[in-house]
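Source file: final-v2.txt; contents: compact mmCIF, C-alpha atoms.
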# COMPACT_ATOMS: atom_id res chain seq x y z
CA MET A 1 -80.09 4.93 7.88
CA ASN A 2 -79.30 1.91 10.10
CA TRP A 3 -75.66 2.04 8.97
CA LEU A 4 -75.49 5.77 9.73
CA ALA A 5 -76.96 5.25 13.19
CA LYS A 6 -74.28 2.69 14.04
CA GLN A 7 -71.45 5.06 13.11
CA LYS A 8 -70.12 7.21 15.93
CA GLY A 9 -68.38 9.48 13.47
CA PHE A 10 -66.71 9.69 10.10
CA ARG A 11 -63.15 8.75 9.17
CA VAL A 12 -60.65 11.35 8.08
CA ALA A 13 -56.97 11.25 7.10
CA GLY A 14 -54.69 9.40 9.48
CA GLY A 15 -57.33 6.83 10.38
CA ARG A 16 -58.91 9.22 12.85
CA GLN A 17 -62.62 9.05 13.59
CA MET A 18 -64.28 12.44 13.98
CA PRO A 19 -67.75 12.92 15.52
CA TRP A 20 -70.52 13.84 13.11
CA LEU A 21 -70.97 17.03 15.13
CA TRP A 22 -67.59 18.23 13.91
CA LEU A 23 -68.64 17.77 10.31
CA PHE A 24 -71.88 19.67 10.85
CA ALA A 25 -69.96 22.42 12.67
CA ALA A 26 -67.52 22.72 9.76
CA ILE A 27 -70.36 22.97 7.24
CA LEU A 28 -72.07 25.58 9.42
CA LEU A 29 -68.83 27.57 9.58
CA ILE A 30 -68.61 27.52 5.78
CA LEU A 31 -72.19 28.75 5.41
CA VAL A 32 -71.71 31.50 8.01
CA SER A 33 -68.51 32.54 6.28
CA ILE A 34 -70.25 32.80 2.91
CA ALA A 35 -73.06 34.86 4.39
CA PHE A 36 -71.19 37.20 6.74
CA LEU A 37 -67.38 36.87 6.71
CA ASP A 38 -66.09 36.35 3.18
CA ALA A 39 -66.88 39.73 1.65
CA PRO A 40 -65.63 41.93 4.56
CA LEU A 41 -62.45 39.87 4.96
CA ALA A 42 -61.70 39.95 1.22
CA THR A 43 -62.18 43.73 1.15
CA TRP A 44 -59.91 44.16 4.16
CA LEU A 45 -57.18 41.97 2.65
CA TYR A 46 -57.41 43.88 -0.63
CA ASN A 47 -56.24 47.02 1.14
CA ARG A 48 -53.21 45.39 2.79
CA PRO A 49 -49.68 46.60 1.89
CA GLU A 50 -47.91 45.16 -1.14
CA TRP A 51 -45.06 43.68 0.91
CA LEU A 52 -47.57 41.35 2.59
CA ARG A 53 -48.70 40.04 -0.78
CA ALA A 54 -45.10 39.58 -1.88
CA GLY A 55 -44.34 37.55 1.24
CA PHE A 56 -47.24 35.18 0.79
CA SER A 57 -46.58 34.77 -2.92
CA ILE A 58 -43.45 32.81 -1.96
CA VAL A 59 -45.46 29.89 -0.53
CA ASN A 60 -48.27 30.24 -3.05
CA SER A 61 -46.48 28.07 -5.61
CA LEU A 62 -46.52 25.12 -3.19
CA GLY A 63 -50.20 24.76 -4.03
CA LYS A 64 -49.51 23.89 -7.66
CA SER A 65 -50.22 20.24 -8.37
CA ASP A 66 -47.27 19.85 -10.75
CA TRP A 67 -44.91 19.83 -7.78
CA TYR A 68 -46.49 16.56 -6.62
CA LEU A 69 -47.99 14.86 -9.67
CA TRP A 70 -44.89 14.61 -11.85
CA PRO A 71 -42.41 13.35 -9.17
CA SER A 72 -44.87 10.82 -7.75
CA ALA A 73 -45.75 9.55 -11.24
CA LEU A 74 -42.05 9.16 -12.11
CA VAL A 75 -41.38 7.26 -8.87
CA ALA A 76 -44.35 4.95 -9.50
CA LEU A 77 -43.34 4.19 -13.08
CA ALA A 78 -39.58 3.92 -12.50
CA ALA A 79 -39.86 1.72 -9.40
CA GLY A 80 -42.50 -0.43 -11.05
CA ALA A 81 -40.35 -0.97 -14.13
CA ALA A 82 -37.27 -1.71 -12.01
CA SER A 83 -39.14 -4.29 -9.95
CA LEU A 84 -39.84 -6.33 -13.08
CA ARG A 85 -36.10 -6.82 -13.63
CA GLN A 86 -35.19 -7.43 -10.01
CA ARG A 87 -34.59 -11.07 -9.10
CA LYS A 88 -33.93 -10.65 -5.40
CA THR A 89 -37.18 -11.00 -3.46
CA SER A 90 -36.46 -8.33 -0.85
CA SER A 91 -35.42 -5.77 -3.46
CA ARG A 92 -38.43 -6.58 -5.63
CA ARG A 93 -40.77 -6.10 -2.66
CA LEU A 94 -39.17 -2.77 -1.85
CA LEU A 95 -39.43 -1.52 -5.42
CA ARG A 96 -43.06 -2.59 -5.65
CA TRP A 97 -43.75 -0.81 -2.39
CA LEU A 98 -42.08 2.35 -3.72
CA SER A 99 -44.11 2.09 -6.92
CA THR A 100 -47.34 1.76 -4.97
CA ALA A 101 -46.32 4.63 -2.69
CA GLY A 102 -45.71 6.85 -5.72
CA ALA A 103 -49.08 5.88 -7.17
CA TYR A 104 -50.74 6.64 -3.84
CA LEU A 105 -49.20 10.12 -3.67
CA PHE A 106 -50.26 10.75 -7.27
CA LEU A 107 -53.86 9.74 -6.63
CA ALA A 108 -53.93 11.68 -3.34
CA VAL A 109 -53.49 14.88 -5.35
CA ALA A 110 -55.12 13.94 -8.66
CA ILE A 111 -58.47 12.58 -7.39
CA PRO A 112 -59.30 15.57 -5.13
CA GLY A 113 -58.11 17.89 -7.88
CA LEU A 114 -60.60 16.48 -10.37
CA LEU A 115 -63.41 16.71 -7.80
CA VAL A 116 -62.57 20.30 -6.88
CA ASN A 117 -62.49 21.35 -10.54
CA LEU A 118 -65.91 19.79 -11.04
CA ILE A 119 -67.29 21.65 -8.01
CA LYS A 120 -65.73 24.91 -9.25
CA ILE A 121 -67.59 24.75 -12.55
CA THR A 122 -70.83 23.64 -10.92
CA ALA A 123 -70.79 26.35 -8.21
CA GLY A 124 -69.56 29.18 -10.42
CA ARG A 125 -68.55 31.42 -7.55
CA ALA A 126 -67.06 34.81 -8.44
CA ARG A 127 -63.53 35.42 -7.23
CA PRO A 128 -62.74 38.19 -4.71
CA LYS A 129 -61.28 40.43 -7.40
CA LEU A 130 -64.73 40.80 -8.94
CA LEU A 131 -65.96 41.99 -5.55
CA THR A 132 -63.15 44.51 -5.03
CA THR A 133 -63.12 45.85 -8.61
CA GLU A 134 -66.73 45.50 -9.80
CA GLY A 135 -68.69 45.02 -6.58
CA PHE A 136 -70.03 41.63 -7.66
CA TYR A 137 -70.38 38.96 -4.98
CA GLY A 138 -72.24 35.76 -5.67
CA PHE A 139 -72.55 32.57 -7.72
CA GLU A 140 -73.21 31.88 -11.40
CA PRO A 141 -73.50 28.07 -11.66
CA PHE A 142 -71.85 26.35 -14.63
CA ASN A 143 -69.89 29.45 -15.61
CA ILE A 144 -66.72 28.28 -17.37
CA LEU A 145 -64.80 31.55 -16.97
CA PRO A 146 -61.82 31.32 -14.53
CA ASP A 147 -63.05 34.40 -12.66
CA PHE A 148 -66.02 32.30 -11.51
CA HIS A 149 -63.99 29.34 -10.22
CA SER A 150 -63.40 30.53 -6.67
CA PHE A 151 -65.20 27.79 -4.72
CA PRO A 152 -63.39 25.75 -3.51
CA SER A 153 -59.67 26.60 -3.63
CA GLY A 154 -57.63 24.30 -5.85
CA HIS A 155 -54.26 25.42 -4.48
CA SER A 156 -55.43 24.89 -0.89
CA GLN A 157 -56.81 21.47 -1.72
CA THR A 158 -53.53 20.44 -3.34
CA ALA A 159 -51.50 21.72 -0.39
CA PHE A 160 -53.64 19.98 2.25
CA CYS A 161 -53.93 16.71 0.32
CA ALA A 162 -50.19 16.61 -0.31
CA ALA A 163 -49.50 17.39 3.36
CA LEU A 164 -51.84 14.65 4.59
CA ALA A 165 -50.50 12.10 2.12
CA LEU A 166 -46.86 12.86 2.96
CA ALA A 167 -47.66 12.75 6.68
CA ALA A 168 -48.38 9.04 6.30
CA PHE A 169 -44.68 8.56 5.46
CA TRP A 170 -43.43 11.22 7.88
CA PRO A 171 -45.77 11.12 10.92
CA SER A 172 -43.55 13.32 13.09
CA GLY A 173 -43.75 16.05 10.45
CA ARG A 174 -47.54 16.02 10.18
CA ARG A 175 -48.01 19.25 12.12
CA ALA A 176 -45.33 21.09 10.15
CA LEU A 177 -46.80 19.92 6.84
CA LEU A 178 -50.30 21.04 7.82
CA ILE A 179 -49.00 24.42 9.01
CA LEU A 180 -47.29 24.88 5.65
CA ALA A 181 -50.54 23.95 3.89
CA GLY A 182 -52.29 26.53 6.07
CA PHE A 183 -49.87 29.19 4.84
CA VAL A 184 -50.70 28.24 1.25
CA ALA A 185 -54.41 28.64 2.04
CA ALA A 186 -53.75 32.02 3.67
CA ALA A 187 -51.74 33.08 0.62
CA ARG A 188 -54.72 32.39 -1.64
CA MET A 189 -56.81 34.80 0.44
CA VAL A 190 -54.13 37.47 0.76
CA LEU A 191 -53.48 37.38 -2.98
CA GLY A 192 -57.20 37.89 -3.64
CA ALA A 193 -57.78 34.55 -5.37
CA HIS A 194 -60.17 32.98 -2.84
CA PHE A 195 -62.49 33.67 0.07
CA LEU A 196 -62.21 32.20 3.56
CA SER A 197 -64.98 29.66 2.94
CA ASP A 198 -63.21 28.49 -0.23
CA VAL A 199 -60.06 27.42 1.61
CA VAL A 200 -61.97 25.99 4.60
CA THR A 201 -64.02 23.84 2.23
CA SER A 202 -60.85 22.64 0.52
CA ALA A 203 -59.30 21.67 3.85
CA LEU A 204 -62.42 19.76 4.89
CA LEU A 205 -62.63 17.91 1.58
CA SER A 206 -58.93 17.05 1.81
CA PHE A 207 -59.28 15.38 5.21
CA ILE A 208 -62.32 13.39 4.05
CA ILE A 209 -60.98 12.32 0.64
CA ILE A 210 -57.53 11.35 1.91
CA GLY A 211 -59.20 9.40 4.71
CA TRP A 212 -61.26 7.52 2.13
CA LEU A 213 -58.19 6.83 -0.03
CA GLU A 214 -56.23 5.54 2.97
CA ARG A 215 -59.02 3.11 3.87
CA LEU A 216 -59.26 1.97 0.25
CA CYS A 217 -55.53 1.21 0.16
CA ARG A 218 -55.73 -0.56 3.52
CA ASP A 219 -58.65 -2.73 2.40
CA GLN A 220 -56.71 -3.69 -0.73
CA MET A 221 -53.62 -4.40 1.43
CA LEU A 222 -51.63 -1.66 -0.29
CA ILE A 223 -49.29 0.72 1.59
CA PHE A 224 -51.36 0.74 4.78
CA THR A 225 -52.36 -1.72 7.45
CA THR A 226 -54.22 -1.55 10.76
CA GLY A 227 -52.23 -1.30 13.99
CA ARG A 228 -52.92 -3.03 17.28
CA GLU A 229 -55.10 -0.17 18.50
CA GLY A 230 -56.95 0.22 15.21
CA GLU A 231 -54.77 3.05 13.96
CA LEU A 232 -53.64 3.34 10.37
CA ARG A 233 -49.94 2.70 9.71
CA LEU A 234 -47.58 1.85 6.88
CA ARG A 235 -47.10 -1.77 5.91
CA ALA A 236 -43.87 -3.54 6.85
CA GLU A 237 -42.44 -3.27 3.34
CA GLY A 238 -41.93 0.41 3.99
CA ARG A 239 -39.16 -0.41 6.44
CA TRP A 240 -37.07 -2.52 4.07
CA TRP A 241 -35.01 0.49 3.00
CA ARG A 242 -33.93 1.11 6.61
CA ARG A 243 -32.58 -2.42 6.90
CA ARG A 244 -30.71 -2.11 3.62
CA VAL A 245 -29.13 1.20 4.66
CA ARG A 246 -28.04 -0.24 8.01
CA LYS A 247 -26.61 -3.30 6.26
CA ALA A 248 -24.67 -1.14 3.80
CA LEU A 249 -23.27 1.01 6.59
CA CYS A 250 -22.15 -2.05 8.52
CA LYS A 251 -20.29 -3.35 5.46
CA GLN A 252 -18.47 -0.04 5.07
CA ARG A 253 -17.20 -0.27 8.63
Please go through the file and, once you have read it, give me the structure as structure tokens.
Amino acid sequence: MNWLAKQKGFRVAGGRQMPWLWLFAAILLILVSIAFLDAPLATWLYNRPEWLRAGFSIVNSLGKSDWYLWPSALVALAAGAASLRQRKTSSRRLLRWLSTAGAYLFLAVAIPGLLVNLIKITAGRARPKLLTTEGFYGFEPFNILPDFHSFPSGHSQTAFCAALALAAFWPSGRRALLILAGFVAAARMVLGAHFLSDVVTSALLSFIIIGWLERLCRDQMLIFTTGREGELRLRAEGRWWRRRVRKALCKQR
């Protein structure tokens, strides 16, 4: 309790510190949504035209974890193996950094994914299609059937976690990545796979888990470091590739 009293807020992705009031407000929004908003909104979306569903189905696939897990794992393994054969110190540092970066991106999607799947089974929330077709709205804890794995949204969690993790390497694109993740979350609702509270919960968990993973990497002196103003930023090794590219271009001239 003394530790909690000293904290002005909680850390989220990007090294940002959010007031505890924001967390309580987000949880309250989720509870209000479950009680009053989810069912009416799901029913309304169910009656939308087919062309709207077709449009959102285009971005829906961006919420599949395979898009991120396989490439990041390959980068981590390939760069790690290459670094063992590299004699030049600068190149070896760069390859090790790339390997660690790949591992970070892999864990940024894999760890939240495992947690969300555990919550899904524990909560046992019925998907919107059971509401629109059978009139059932509620929870059946520890139900292993996929139709009762609505809470929270796995696709939304993957999209938000991937966006937040990639934003560490592309800070100027953070807003665009989060907007794209928001479209994935909206697609899950339009396609009748999840309720509003499902995707909001996924977004909240993503910010918290990625924030924790960033701090863990920083404390272990991997990928991240602390800036002059206390902000989270990439370690210097991440800029080696820029120097090598500039050097190669100068040689060509």
Within 6 Å of segment 93-110 of chain A, counting only C-alpha atoms, which residues qualify if same-chain residues fewer than 4 places away don't, as a list in words? Leu69, Ser72, Val75, Ala76, Ala79, Gly80, Ser83, Thr158 and Cys161 of chain A
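Here atom CA of Trp212 of chain A is placed at a distance of 16.9 Å from atom CA of Phe169 of chain A.
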Could you check the closest approach to Glu140 of chain A for each of A:Lys120, A:His194, A:Arg53, A:His155 and tell me which residue wins, using all atoms listed in the file? A:Lys120
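From atom CA of Gly15 of chain A back to atom CA of Leu232 of chain A, the distance works out to 5.1 Å.
Shortest atom-to-atom contact with Ile208 of chain A among A:Ala185, A:Leu45, A:Leu52, A:Leu164: A:Leu164, counting all atoms listed in the file.
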Length of the atom CA of Phe148 of chain A to atom CA of Arg127 of chain A vector [Å]: 5.9 Å
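Compared by their closest atoms to Lys64 of chain A, and using all atoms listed in the file, the residues A:Arg92, A:Arg188, A:Arg48, A:Arg174 rank with A:Arg188 nearest.
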Hey, can you pull every residue with an atom no more than 9 Å from (-57.2, 10.2, 2.0), using only C-alpha atoms, and send it as a ChimeraX atom specification? /A:12-14,108,161,164-165,206-216
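Proximity to Thr225 of chain A at 7 Å, evaluated using all atoms listed in the file and with sequence-adjacent residues fewer than 3 positions away removed, yields Arg218, Met221, Leu232, Arg233, Leu234 and Arg235 of chain A.
Distances here use all atoms listed in the file; by that measure, the residue among A:Thr132, A:Ser153, A:Gln17, A:Thr89 closest to Leu41 of chain A is A:Thr132.
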Do you know which residues are at most 8 Å from Gln157 of chain A counting only C-alpha atoms, after dropping those on the same chain fewer than 2 positions away, and could you put them as an MDAnalysis selection string? chainID A and resid 63 112:113 116 153:155 159:161 199 202:203 205:206
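Minimum distance to Pro152 of chain A across A:Met18, A:Ile34, A:Cys217, A:Leu222 (counting only C-alpha atoms) occurs at A:Ile34.
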